[in-house]
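A.B. asks: Below is a structure I'd like to ask you about.
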Amino acid sequence: MRSDLADVRLADQVFAPHYAAPQPRRVKTSVDLRTSRAADSAVLATLSPGDAFELLDVTGETAWGIAPSTGFVGYVPASTLEEQP
C-alpha cells in the first residue's frame, strides 16, 4: 500500500493525494511481486509469463501495480512487463 497514490477505481473508498488509472500490461517473464522496491523484500506472489498486471506507476526501473490473478498490490521490475496486444 502506498499513501501517495491509489487506484482511481478506489477514489470513493480511499483518500490519496493522487489517483492513477490502471494500464493493462502482461508479464513477459516469470517474476516475483514484492512488497517494496527492494530486491530482497518479501515476495507476495510469483507471476508467470502471460499473467495480467495492472500498472499504476513506474519509478525508475520499478513498476507498481496490481496482479489481478492474486489481488495483491506490489512491485516488479518494469522490464518484465509489456503492453497488452
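Here, A, B, ... name the chains of the C-alpha cells in the order displayed, residue numbers run from 1 inside each chain, and ligands are numbered from 1 in the same displayed order.
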Using only C-alpha atoms, which protein or nucleic acid residues come within 12 Å of segment 12-17 of chain A? Drop anything in the same chain fewer than 5 positions from it, and give the result as a list in words.
C.D. replies: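 Everything that qualifies: Met1, Arg2, Ser3, Asp4, Leu5, Ala6 and Asp7 of chain A.
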A.B. asks: Keeping only C-alpha atoms, take the residues you just selected and write them out as a CSV table (one decimal), in the first residue's frame.
C.D. replies:
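Produced file result10.csv, reproduced below:
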```csv
chain,number,residue,atom,x,y,z
A,1,MET,CA,0.0,0.0,0.0
A,2,ARG,CA,1.2,3.5,-0.8
A,3,SER,CA,-0.1,6.6,0.9
A,4,ASP,CA,0.7,8.9,-2.1
A,5,LEU,CA,-1.1,7.1,-4.9
A,6,ALA,CA,-4.2,4.9,-5.2
A,7,ASP,CA,-6.1,3.2,-8.0
```
A.B. asks: Would you mind listing what lies within 12 Å of segment 45-49 of chain A as a PDB file with C-alpha atoms, in the first residue's frame, with only C-alpha atoms counted and same-chain residues fewer than 4 positions away left out?
C.D. replies:
```pdb
ATOM      1  CA  ARG A  25       0.146  -5.000 -19.068  1.00  0.00           C
ATOM      2  CA  ARG A  26       1.271  -8.619 -19.422  1.00  0.00           C
ATOM      3  CA  VAL A  27       4.141 -10.295 -17.624  1.00  0.00           C
ATOM      4  CA  LYS A  28       6.916 -11.257 -20.098  1.00  0.00           C
ATOM      5  CA  THR A  29       8.993 -13.470 -17.830  1.00  0.00           C
ATOM      6  CA  SER A  30       8.422 -15.158 -14.503  1.00  0.00           C
ATOM      7  CA  VAL A  31       8.841 -12.544 -11.784  1.00  0.00           C
ATOM      8  CA  ASP A  32       8.287 -12.093  -8.066  1.00  0.00           C
ATOM      9  CA  LEU A  33       5.737  -9.495  -6.967  1.00  0.00           C
ATOM     10  CA  ARG A  34       7.346  -7.830  -3.957  1.00  0.00           C
ATOM     11  CA  THR A  35       6.183  -5.700  -1.039  1.00  0.00           C
ATOM     12  CA  SER A  41      11.796  -7.504   0.142  1.00  0.00           C
ATOM     13  CA  PHE A  53      -0.698  -6.822 -14.436  1.00  0.00           C
ATOM     14  CA  ILE A  66      -1.986  -4.946  -9.141  1.00  0.00           C
ATOM     15  CA  ALA A  67      -1.752  -8.614 -10.066  1.00  0.00           C
ATOM     16  CA  PRO A  68      -5.447  -9.349 -10.735  1.00  0.00           C
ATOM     17  CA  SER A  69      -4.934 -13.116 -10.510  1.00  0.00           C
ATOM     18  CA  THR A  70      -3.971 -12.779  -6.847  1.00  0.00           C
ATOM     19  CA  GLY A  71      -5.427  -9.401  -5.896  1.00  0.00           C
ATOM     20  CA  PHE A  72      -2.045  -8.404  -4.464  1.00  0.00           C
ATOM     21  CA  VAL A  73      -0.540  -4.956  -4.986  1.00  0.00           C
ATOM     22  CA  GLY A  74       3.224  -4.770  -5.260  1.00  0.00           C
ATOM     23  CA  TYR A  75       6.390  -4.078  -7.178  1.00  0.00           C
ATOM     24  CA  VAL A  76       8.079  -5.770 -10.160  1.00  0.00           C
ATOM     25  CA  PRO A  77      10.929  -4.720 -12.444  1.00  0.00           C
ATOM     26  CA  THR A  80       9.349  -7.711 -17.040  1.00  0.00           C
ATOM     27  CA  LEU A  81       6.153  -6.103 -18.358  1.00  0.00           C
ATOM     28  CA  GLU A  82       4.840  -5.480 -21.864  1.00  0.00           C
TER      29      GLU A  82
END
```
A.B. asks: If we count only C-alpha atoms, what is near Leu56 of chain A at a cut-off of 6 Å, once residues fewer than 3 positions away on the same chain are taken out, given as number ranges by chain?
C.D. replies: A: 20, 22, 64-65
A.B. asks: Which one of A:Ala21, A:Ala39, A:Ala78, A:Ala11 sits closest to Ala63 of chain A if you count only C-alpha atoms?
C.D. replies: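 Nearest candidate to Ala63 of chain A out of A:Ala21, A:Ala39, A:Ala78, A:Ala11: A:Ala78.
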A.B. asks: Taking the chain letters and numbering used in this document, name the residues of chain A that DSSP puts in strand (DSSP E or B), as a PyMOL selection string.
C.D. replies: chain A and resi 5-7+18-20+23-27+31-34+43-47+52-59+62-67+72-77+81-83
A.B. asks: Just the number, please: distance in Å from atom CA of Ser36 of chain A to atom CA of His18 of chain A, one decimal.
C.D. replies: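 Separation of atom CA of Ser36 of chain A and atom CA of His18 of chain A: 19.0 Å.
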